[in-house]
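Here is the structure we will look at.
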Amino acid sequence: MAEAFFNKYSKGARAYSAGSKPAAEIDPQTVEVMEEKGIGLRGKKPKGFNSIPTTRFDLVITMGCKDECPFVAANKRISWQIDDPKGKPIEKYRKIRDEIEERIKKLLEGKF
């Protein structure tokens with residue numbers, strides 16, 4: 001969600017999302033709630049850390065290190081403790097989606 005929102009709203013910057021234990025596919029409810037915002041995730045796959053560029057990033061944001069907190073070289077790090085909606089009702093997905101969208105907008109406005 002965060003990668004998709006960032007890449008939608010940013011002007012020229014690029015976000016990458018990866019996890020320590022990526023699933024085989026994006027959660028169908030995540031796909032559904034993102035489509036409600038006009039963002040299509042169908043056909044995209046979750047990525048592991050080995051699939052993102054090996055570079056020093058300007059900023060790394062973690063969403064909550066449940067499995068493993070990765071080390072990715074970055075000039076700045078932020079931790080957003082955001083719940084994982086997996087297995088919860090669709091309303092929880094929407095709430096988390098909206099929280100991520102607002103945080104991304106504030107980040108891009110320099111208000112993080």
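Residue numbering restarts at 1 for every chain of the structure tokens, chains are lettered A, B, ... in their displayed order, and ligands are numbered from 1 as they appear.
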
Exercise. Hey, what's within 12 Å of A:Ala13 if we count only C-alpha atoms and toss same-chain stuff fewer than 4 positions away? As a ChimeraX atom specification, please?
Worked result: /A:3,5-9,57-59,108

For the residues in that selection, give me C-alpha atoms as a short mmCIF file (atom, residue, chain, number, x, y, z; two decimals), in the first residue's frame.
```cif
data_model
loop_
_atom_site.label_atom_id
_atom_site.label_comp_id
_atom_site.auth_asym_id
_atom_site.auth_seq_id
_atom_site.Cartn_x
_atom_site.Cartn_y
_atom_site.Cartn_z
CA GLU A 3 4.76 1.89 -2.16
CA PHE A 5 0.57 5.54 -2.61
CA PHE A 6 4.07 7.02 -2.60
CA ASN A 7 4.60 6.31 -6.29
CA LYS A 8 1.17 7.75 -7.09
CA TYR A 9 1.65 11.04 -5.19
CA PHE A 57 18.24 5.06 0.21
CA ASP A 58 17.34 8.59 1.28
CA LEU A 59 14.71 7.18 3.63
CA LEU A 108 5.67 14.16 0.87
#
```

For this session: Excluding A:Leu41 and residues on its chain fewer than 2 positions from it, collect all residues at most 9 Å away from it, counting only C-alpha atoms, and give them as an MDAnalysis selection string.
Result: chainID A and resid 4 26 30:32 34:35 39 43:45

Residues just named, written with N, CA and C atoms as a PDB file, in the first residue's frame:
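Heads up, here's the output in part05.pdb:
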```pdb
ATOM      1  N   ALA A   4       2.642   1.895  -3.338  1.00  0.00           N
ATOM      2  CA  ALA A   4       1.692   2.342  -4.365  1.00  0.00           C
ATOM      3  C   ALA A   4       1.269   3.794  -4.132  1.00  0.00           C
ATOM      4  N   ILE A  26      -0.248 -10.881  -3.392  1.00  0.00           N
ATOM      5  CA  ILE A  26      -0.791  -9.792  -2.575  1.00  0.00           C
ATOM      6  C   ILE A  26      -2.150 -10.226  -2.054  1.00  0.00           C
ATOM      7  N   THR A  30      -6.367  -6.570   0.184  1.00  0.00           N
ATOM      8  CA  THR A  30      -5.529  -5.401  -0.080  1.00  0.00           C
ATOM      9  C   THR A  30      -5.768  -4.921  -1.509  1.00  0.00           C
ATOM     10  N   VAL A  31      -5.805  -5.851  -2.442  1.00  0.00           N
ATOM     11  CA  VAL A  31      -6.076  -5.506  -3.838  1.00  0.00           C
ATOM     12  C   VAL A  31      -7.419  -4.793  -3.936  1.00  0.00           C
ATOM     13  N   GLU A  32      -8.424  -5.323  -3.257  1.00  0.00           N
ATOM     14  CA  GLU A  32      -9.776  -4.753  -3.300  1.00  0.00           C
ATOM     15  C   GLU A  32      -9.822  -3.326  -2.755  1.00  0.00           C
ATOM     16  N   MET A  34      -7.404  -1.191  -2.362  1.00  0.00           N
ATOM     17  CA  MET A  34      -6.604  -0.263  -3.163  1.00  0.00           C
ATOM     18  C   MET A  34      -7.326   0.085  -4.463  1.00  0.00           C
ATOM     19  N   GLU A  35      -8.052  -0.841  -5.030  1.00  0.00           N
ATOM     20  CA  GLU A  35      -8.852  -0.551  -6.219  1.00  0.00           C
ATOM     21  C   GLU A  35      -9.915   0.499  -5.909  1.00  0.00           C
ATOM     22  N   ILE A  39      -6.171   2.455  -7.465  1.00  0.00           N
ATOM     23  CA  ILE A  39      -4.820   1.912  -7.616  1.00  0.00           C
ATOM     24  C   ILE A  39      -4.927   0.410  -7.849  1.00  0.00           C
ATOM     25  N   GLY A  43      -1.921  -8.653 -10.422  1.00  0.00           N
ATOM     26  CA  GLY A  43      -0.771  -9.091 -11.202  1.00  0.00           C
ATOM     27  C   GLY A  43       0.577  -8.735 -10.596  1.00  0.00           C
ATOM     28  N   LYS A  44       0.581  -7.895  -9.574  1.00  0.00           N
ATOM     29  CA  LYS A  44       1.845  -7.554  -8.902  1.00  0.00           C
ATOM     30  C   LYS A  44       2.127  -8.602  -7.831  1.00  0.00           C
ATOM     31  N   LYS A  45       3.375  -8.743  -7.480  1.00  0.00           N
ATOM     32  CA  LYS A  45       3.801  -9.749  -6.505  1.00  0.00           C
ATOM     33  C   LYS A  45       4.550  -9.092  -5.353  1.00  0.00           C
TER      34      LYS A  45
END
```

Exercise. What are the DSSP helix (DSSP H, G or I) residues of stretch 21-96 of chain A, as a VMD selection string?
Worked result: chain A and resid 28 to 35 49 to 51 90 to 96

Exercise. Restricting the calculation to only C-alpha atoms, which member of A:Gln29, A:Lys105, A:Lys76, A:Pro22 is positioned closest to A:Lys92?
Worked result: A:Gln29

For this session: For atom CA of A:Glu102 and atom CA of A:Gly40, determine how far apart the two atoms are, in Å to one decimal place.
Result: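 We find that atom CA of A:Glu102 and atom CA of A:Gly40 lie 18.6 Å from each other.
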
Exercise. What's the 8 Å shell around A:Ile78, counting only C-alpha atoms, without same-chain residues fewer than 3 positions away, as a list in words?
Worked result: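 The residues that qualify are Leu59, Val60, Ile61 and Thr62 of chain A.
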
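Here atom CA of A:Ala23 stands at a distance of 26.4 Å from atom CA of A:Ser10.
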
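Reported to one decimal place, the separation of atom CA of A:Lys37 from atom CA of A:Ser20 is 26.7 Å.
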
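Closest to A:Glu36 among A:Asn50, A:Ala74, A:Arg97, A:Gln81 is A:Arg97, based on only C-alpha atoms.
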
Exercise. What's the 8 Å shell around A:Ala2, counting only C-alpha atoms, without same-chain residues fewer than 6 positions away, as JSON, numbers by chain?
Worked result: {"A": [17, 100, 101, 104]}

If you keep C-alpha atoms, can you produce a file of those selected residues as a PDB file, in the first residue's frame?
```pdb
ATOM      1  CA  SER A  17       8.451  -2.131  -0.790  1.00  0.00           C
ATOM      2  CA  ILE A 100      -0.949   4.802   5.255  1.00  0.00           C
ATOM      3  CA  GLU A 101      -2.256   7.186   2.592  1.00  0.00           C
ATOM      4  CA  ILE A 104       2.479   9.227   2.818  1.00  0.00           C
TER       5      ILE A 104
END
```

For this session: Point out the residue among A:Pro46, A:Val72, A:Met63, A:Ala18 with the least atom-to-atom distance to A:Asp84, counting only C-alpha atoms.
Result: A:Met63

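Using only C-alpha atoms for every distance, the candidate list A:Tyr16, A:Pro28, A:Gly87, A:Ser79 yields A:Tyr16 as the residue closest to A:Thr54.
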
For this session: Write out as a list of chain:residue names each polymer residue whose atoms come within 7 Å of A:Arg94, counting only C-alpha atoms; drop sequence neighbours fewer than 4 positions from it.
Result: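 Residues meeting the cut-off are A:Val33, A:Ile90, A:Asp98.
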
Exercise. Which residues, written as number ranges by chain, have at least one atom at most 8 Å from A:Gly19, with only C-alpha atoms counted and residues fewer than 4 positions away on the same chain left out?
Worked result: A: 46-49

Kindly save the residues from that selection, with N, CA and C atoms included, as a PDB file, in the first residue's frame.
```pdb
ATOM      1  N   PRO A  46       4.372  -9.610  -4.139  1.00  0.00           N
ATOM      2  CA  PRO A  46       5.179  -9.141  -3.014  1.00  0.00           C
ATOM      3  C   PRO A  46       6.661  -9.429  -3.283  1.00  0.00           C
ATOM      4  N   LYS A  47       7.518  -8.574  -2.766  1.00  0.00           N
ATOM      5  CA  LYS A  47       8.953  -8.707  -3.001  1.00  0.00           C
ATOM      6  C   LYS A  47       9.707  -8.894  -1.686  1.00  0.00           C
ATOM      7  N   GLY A  48      10.818  -9.596  -1.787  1.00  0.00           N
ATOM      8  CA  GLY A  48      11.737  -9.731  -0.667  1.00  0.00           C
ATOM      9  C   GLY A  48      12.828  -8.682  -0.776  1.00  0.00           C
ATOM     10  N   PHE A  49      13.659  -8.588   0.226  1.00  0.00           N
ATOM     11  CA  PHE A  49      14.713  -7.574   0.250  1.00  0.00           C
ATOM     12  C   PHE A  49      15.734  -7.755  -0.870  1.00  0.00           C
TER      13      PHE A  49
END
```

For this session: Between A:Thr55, A:Lys111, A:Lys86, A:Glu91, single out the one closest to A:Phe71, counting only C-alpha atoms.
Result: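 Closest to A:Phe71, using only C-alpha atoms: A:Thr55.
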